[in-house]
Each structure stands twice: as structure tokens, then as C-alpha cells.
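Q: Pasting a structure here, questions to come.
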Amino acid sequence: MQGEPPVVCLLAGGRATRLPRKLQRRIHGQTLLARVHARFAAHYKVALSTAASDSVPDAGPLGGIVSVFERCEHERIFVVAADMPHADPRRVEQFCAAWSDELQAVVARTPAGWEPLYALYERRAFLHAARSVLRGSRAVTDVVAKLKVLSIDVPAQEAASVNTPQDFEMLLAREVRI
């Protein structure tokens with residue numbers, strides 16, 4: 001992919017009903033949000049998407065991605081969930097290198113399937129597909145299903161989100177061993 005690097009869209013607007021205030025929880029003195037932001041901001045421009053900044057209310061991650069595309073002029077954005085503590089900024093470069101003109105998205109794939117919140121998206125195609133999905137399920141995976149996608153295998157742990165108290169405890173246990 002030629003041109004300027006994409007903006008990284010850091011999705012931080014979920015309700016976190018299973019783990020309230022999860023992005024403010026600390027790992028080695030740093031909040032989860034600050035940790036993921038720092039990892040990507042060291043290399044790329046980062047646009048933070050929160051529920052308060054979403055132009056499409058109550059649309060979850062899909063609303064956040066749409067809002068970032070509406071606010072920035074970049075043709076592509078790399079999306080990463082703020083609750084993915086092991087997301088690797090090197091994936092931005094890898095996904096960009098894998099891009100071809102025929103594609104509309106490059107999406108991480110784990111053994112469990114697509115991880116649409118760890119992906120590179122093209123503006124026009126994503127917004128077009130999102131408009132139809134917003135009338136129904138509002139699931140990012142439904143948007144991805146409408147796009148021309150290249151999947152890139154990544155380790156499950158790298159794309160894992162912290163969603164429950166058990167996830168956070170497992171993260172802390174792994175961090176102590178590192």
C-alpha cells in the first residue's frame with residue numbers, strides 16, 4: 001500500500017458491563033487504555049473513539065469506526081480495541097504491506113475466526129457496508145462479511161480482549177511471569 005500510514009482508531013467506547021471501568025484498571029502502574037494507546041502512538045497517529053464521540057449513538061464498535069472515518073480524511077484506518085493489551089503495532093505495517101487495490105479490508109484471524117476490531121479498513125467500502133448494517137444488527141462482523149477481505153493469522157493471545165474479571169486476572173498472572 002502506497003501513501004501515508006493509516007490513522008490507528010483506538011476503540012474505547014464500550015459499556016464494559018462484564019468488567020466495569022476495565023480501561024482504567026492498572027497493569028504495572030499504567031491503565032489498560034494508556035498501555036494500548038502508548039504502544040500504537042509511539043509509531044502512528046491515534047484517533048481515540050469513545051461512546052461520547054460517536055456520531056451513531058448506541059452502535060457499539062461499529063459506531064466508533066464510522067465516527068472516526070467521518071472525522072478523519074485518511075482513506076484507510078487501522079482499528080484496534082483498547083482492551084487488547086497484547087495488540088502489536090507492527091501489524092499496522094504488515095497489514096498495509098499485504099494490501100492490494102482489490103481489497104477493502106485486511107482482518108486479523110485467530111483460531112476462533114475473524115477479529116474485526118484488529119483490522120485495516122478502506123473508507124468508502126466500509127462506510128457503504130456499514131450503512132446497510134446499521135439498519136439491522138450493528139455487528140462489525142456483518143460489515144466485514146460484505147467486504148473483499150484478506151485474513152492474516154495472528155496468535156489468539158495477541159488479539160484477545162479483556163472483557164471479564166477472569167480475563168483481567170489471567171492478564172495480571174501472565175504479566176507477572178513476563
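Ordered as shown in the C-alpha cells, chains take letters A, B, and onward, while each chain numbers its residues from 1 and ligands are numbered from 1 in the order shown.
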Leaving out segment 23-34 of chain A and any residue of its chain fewer than 5 positions from it, which residues lie within 8 Å of it when counting only C-alpha atoms, given as a list in words?
A: Ala12, Ala82, Asp83, Pro85, Leu172 and Glu175 of chain A
Q: Residues of chain A classed as strand (DSSP E or B) by DSSP on the backbone are to be reported as an MDAnalysis selection string.
A: chainID A and resid 7:11 26:27 30:31 46:49 76:81 105:110 113:122 149:153
Q: Write the residues you've just listed into a file as a compact mmCIF listing (two decimals), in the first residue's frame, and include N, CA and C atoms for each of them.
A:
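Output saved as again-v9.txt:
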```txt
# COMPACT_ATOMS: atom_id res chain seq x y z
N VAL A 7 -4.36 6.14 9.95
CA VAL A 7 -4.63 6.52 11.33
C VAL A 7 -4.99 5.23 12.07
N VAL A 8 -4.57 5.11 13.31
CA VAL A 8 -4.98 3.99 14.15
C VAL A 8 -6.19 4.44 14.95
N CYS A 9 -7.28 3.74 14.79
CA CYS A 9 -8.52 4.02 15.53
C CYS A 9 -8.54 3.14 16.77
N LEU A 10 -8.39 3.76 17.92
CA LEU A 10 -8.40 3.04 19.19
C LEU A 10 -9.81 3.09 19.75
N LEU A 11 -10.50 1.95 19.71
CA LEU A 11 -11.89 1.87 20.15
C LEU A 11 -11.96 1.73 21.67
N ARG A 26 -5.33 -1.01 36.22
CA ARG A 26 -3.88 -0.81 36.09
C ARG A 26 -3.10 -2.11 35.95
N ILE A 27 -2.09 -2.03 35.08
CA ILE A 27 -1.13 -3.11 34.87
C ILE A 27 0.24 -2.45 34.99
N GLN A 30 0.11 1.35 34.96
CA GLN A 30 -0.42 2.02 33.78
C GLN A 30 -1.81 1.48 33.48
N THR A 31 -2.75 2.35 33.13
CA THR A 31 -4.09 1.86 32.80
C THR A 31 -4.04 1.05 31.51
N VAL A 46 -2.95 8.38 16.43
CA VAL A 46 -4.03 7.59 17.01
C VAL A 46 -5.26 8.47 17.20
N ALA A 47 -6.40 7.98 16.72
CA ALA A 47 -7.69 8.63 16.95
C ALA A 47 -8.44 7.80 17.98
N LEU A 48 -8.76 8.40 19.10
CA LEU A 48 -9.47 7.71 20.16
C LEU A 48 -10.97 7.82 19.90
N SER A 49 -11.64 6.70 19.90
CA SER A 49 -13.09 6.68 19.69
C SER A 49 -13.76 6.24 20.99
N ARG A 76 -7.71 4.98 4.71
CA ARG A 76 -7.71 3.71 5.45
C ARG A 76 -7.46 4.00 6.92
N ILE A 77 -8.07 3.18 7.77
CA ILE A 77 -7.75 3.25 9.19
C ILE A 77 -7.48 1.83 9.69
N PHE A 78 -6.58 1.77 10.64
CA PHE A 78 -6.30 0.51 11.31
C PHE A 78 -7.06 0.56 12.63
N VAL A 79 -7.92 -0.39 12.85
CA VAL A 79 -8.76 -0.44 14.05
C VAL A 79 -8.16 -1.40 15.06
N VAL A 80 -8.11 -0.96 16.31
CA VAL A 80 -7.68 -1.84 17.40
C VAL A 80 -8.53 -1.51 18.63
N ALA A 81 -9.01 -2.53 19.29
CA ALA A 81 -9.79 -2.34 20.51
C ALA A 81 -8.84 -1.95 21.65
N ALA A 105 -10.47 -4.65 3.00
CA ALA A 105 -10.11 -4.85 4.41
C ALA A 105 -9.04 -5.92 4.52
N VAL A 106 -8.19 -5.76 5.53
CA VAL A 106 -7.26 -6.80 5.95
C VAL A 106 -7.58 -7.01 7.42
N VAL A 107 -7.98 -8.22 7.76
CA VAL A 107 -8.52 -8.50 9.09
C VAL A 107 -7.72 -9.62 9.76
N ALA A 108 -7.41 -9.42 11.04
CA ALA A 108 -6.73 -10.46 11.81
C ALA A 108 -7.65 -11.67 11.94
N ARG A 109 -7.04 -12.85 11.91
CA ARG A 109 -7.80 -14.09 12.10
C ARG A 109 -7.06 -14.92 13.15
N THR A 110 -7.82 -15.37 14.13
CA THR A 110 -7.30 -16.27 15.15
C THR A 110 -7.96 -17.64 14.92
N GLY A 113 -11.61 -17.37 14.55
CA GLY A 113 -12.20 -16.67 13.41
C GLY A 113 -11.70 -15.24 13.29
N TRP A 114 -12.43 -14.44 12.50
CA TRP A 114 -12.06 -13.04 12.28
C TRP A 114 -12.05 -12.28 13.60
N GLU A 115 -11.13 -11.33 13.69
CA GLU A 115 -11.16 -10.35 14.79
C GLU A 115 -11.30 -8.98 14.13
N PRO A 116 -12.54 -8.54 13.91
CA PRO A 116 -12.78 -7.31 13.16
C PRO A 116 -12.37 -6.04 13.89
N LEU A 117 -12.01 -6.16 15.16
CA LEU A 117 -11.54 -4.98 15.90
C LEU A 117 -10.01 -4.96 15.96
N TYR A 118 -9.39 -5.65 15.01
CA TYR A 118 -7.94 -5.67 14.83
C TYR A 118 -7.75 -5.81 13.34
N ALA A 119 -7.93 -4.69 12.61
CA ALA A 119 -8.04 -4.77 11.16
C ALA A 119 -7.74 -3.43 10.50
N LEU A 120 -7.49 -3.50 9.20
CA LEU A 120 -7.27 -2.32 8.36
C LEU A 120 -8.46 -2.23 7.40
N TYR A 121 -9.12 -1.06 7.38
CA TYR A 121 -10.32 -0.88 6.55
C TYR A 121 -10.16 0.29 5.58
N GLU A 122 -10.77 0.14 4.42
CA GLU A 122 -10.83 1.19 3.42
C GLU A 122 -12.12 2.00 3.64
N VAL A 149 -12.03 -9.21 1.64
CA VAL A 149 -11.15 -9.28 2.80
C VAL A 149 -9.98 -10.25 2.57
N LEU A 150 -8.83 -9.83 3.07
CA LEU A 150 -7.69 -10.72 3.23
C LEU A 150 -7.55 -10.94 4.73
N SER A 151 -7.49 -12.19 5.15
CA SER A 151 -7.29 -12.52 6.56
C SER A 151 -5.82 -12.84 6.80
N ILE A 152 -5.30 -12.36 7.91
CA ILE A 152 -3.93 -12.66 8.31
C ILE A 152 -3.97 -13.32 9.67
N ASP A 153 -3.36 -14.48 9.75
CA ASP A 153 -3.35 -15.23 11.01
C ASP A 153 -2.50 -14.51 12.05
```
Q: Name the residues of segment 104-162 of chain A that come out as alpha helix (DSSP H) in a backbone DSSP run; write them as an mmCIF file with C-alpha atoms, in the first residue's frame.
A:
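Output below, filename result-v9.cif:
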```cif
data_model
loop_
_atom_site.group_PDB
_atom_site.id
_atom_site.type_symbol
_atom_site.label_atom_id
_atom_site.label_comp_id
_atom_site.auth_asym_id
_atom_site.auth_seq_id
_atom_site.Cartn_x
_atom_site.Cartn_y
_atom_site.Cartn_z
ATOM 1 C CA ARG A 123 -13.097 4.214 3.981
ATOM 2 C CA ARG A 124 -15.561 4.147 1.085
ATOM 3 C CA ALA A 125 -16.249 0.419 1.202
ATOM 4 C CA PHE A 126 -16.532 0.301 4.979
ATOM 5 C CA LEU A 127 -18.928 3.258 5.185
ATOM 6 C CA HIS A 128 -21.063 1.856 2.358
ATOM 7 C CA ALA A 129 -21.330 -1.559 4.009
ATOM 8 C CA ALA A 130 -21.852 -0.014 7.454
ATOM 9 C CA ARG A 131 -24.896 1.970 6.297
ATOM 10 C CA SER A 132 -26.783 -1.199 5.457
ATOM 11 C CA VAL A 133 -25.666 -2.997 8.622
ATOM 12 C CA LEU A 134 -26.625 -0.060 10.860
ATOM 13 C CA VAL A 140 -18.802 -5.238 12.718
ATOM 14 C CA THR A 141 -18.554 -8.853 11.533
ATOM 15 C CA ASP A 142 -21.618 -8.247 9.361
ATOM 16 C CA VAL A 143 -19.829 -5.314 7.718
ATOM 17 C CA VAL A 144 -16.697 -7.421 7.178
#
```
Q: With only C-alpha atoms as the counted atoms, please give the residues lying no more than 12 Å from Asp167 of chain A, apart from itself and same-chain residues fewer than 6 positions off, as a PDB file with C-alpha atoms, in the first residue's frame.
A:
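around00.pdb, written as the output of this step:
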```pdb
ATOM      1  CA  ARG A  18     -18.971  -7.542  32.451  1.00  0.00           C
ATOM      2  CA  LEU A  19     -15.914  -5.637  33.717  1.00  0.00           C
ATOM      3  CA  LYS A  22     -11.860  -2.005  32.601  1.00  0.00           C
ATOM      4  CA  ASP A  83      -8.928  -3.652  25.662  1.00  0.00           C
ATOM      5  CA  MET A  84      -6.416  -5.693  23.617  1.00  0.00           C
ATOM      6  CA  PRO A  85      -3.313  -5.430  25.815  1.00  0.00           C
ATOM      7  CA  GLN A 157      -3.457 -14.057  22.771  1.00  0.00           C
ATOM      8  CA  ALA A 160      -7.549 -11.269  22.926  1.00  0.00           C
ATOM      9  CA  SER A 161      -9.681  -8.668  24.674  1.00  0.00           C
ATOM     10  CA  ALA A 173      -0.888 -13.530  36.074  1.00  0.00           C
ATOM     11  CA  ARG A 174       0.796 -13.534  32.633  1.00  0.00           C
TER      12      ARG A 174
END
```
Q: Could you check the closest approach to Gln104 of chain A for each of A:Glu75, A:Arg138, A:Val92, A:Ser53 and tell me which residue wins, using only C-alpha atoms?
A: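 Counting only C-alpha atoms, the residue closest to Gln104 of chain A is A:Glu75.
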Q: For atom CA of Leu171 of chain A and atom CA of Ala59 of chain A, determine how far apart the two atoms are, in Å to one decimal place.
A: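 One can read the atom CA of Leu171 of chain A to atom CA of Ala59 of chain A distance as 27.8 Å.
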Q: Could you check the closest approach to Asp101 of chain A for each of A:Met170, A:Lys148, A:Ala38, A:Pro20 and tell me which residue wins, using only C-alpha atoms?
A: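 Closest residue, counting only C-alpha atoms: A:Lys148.
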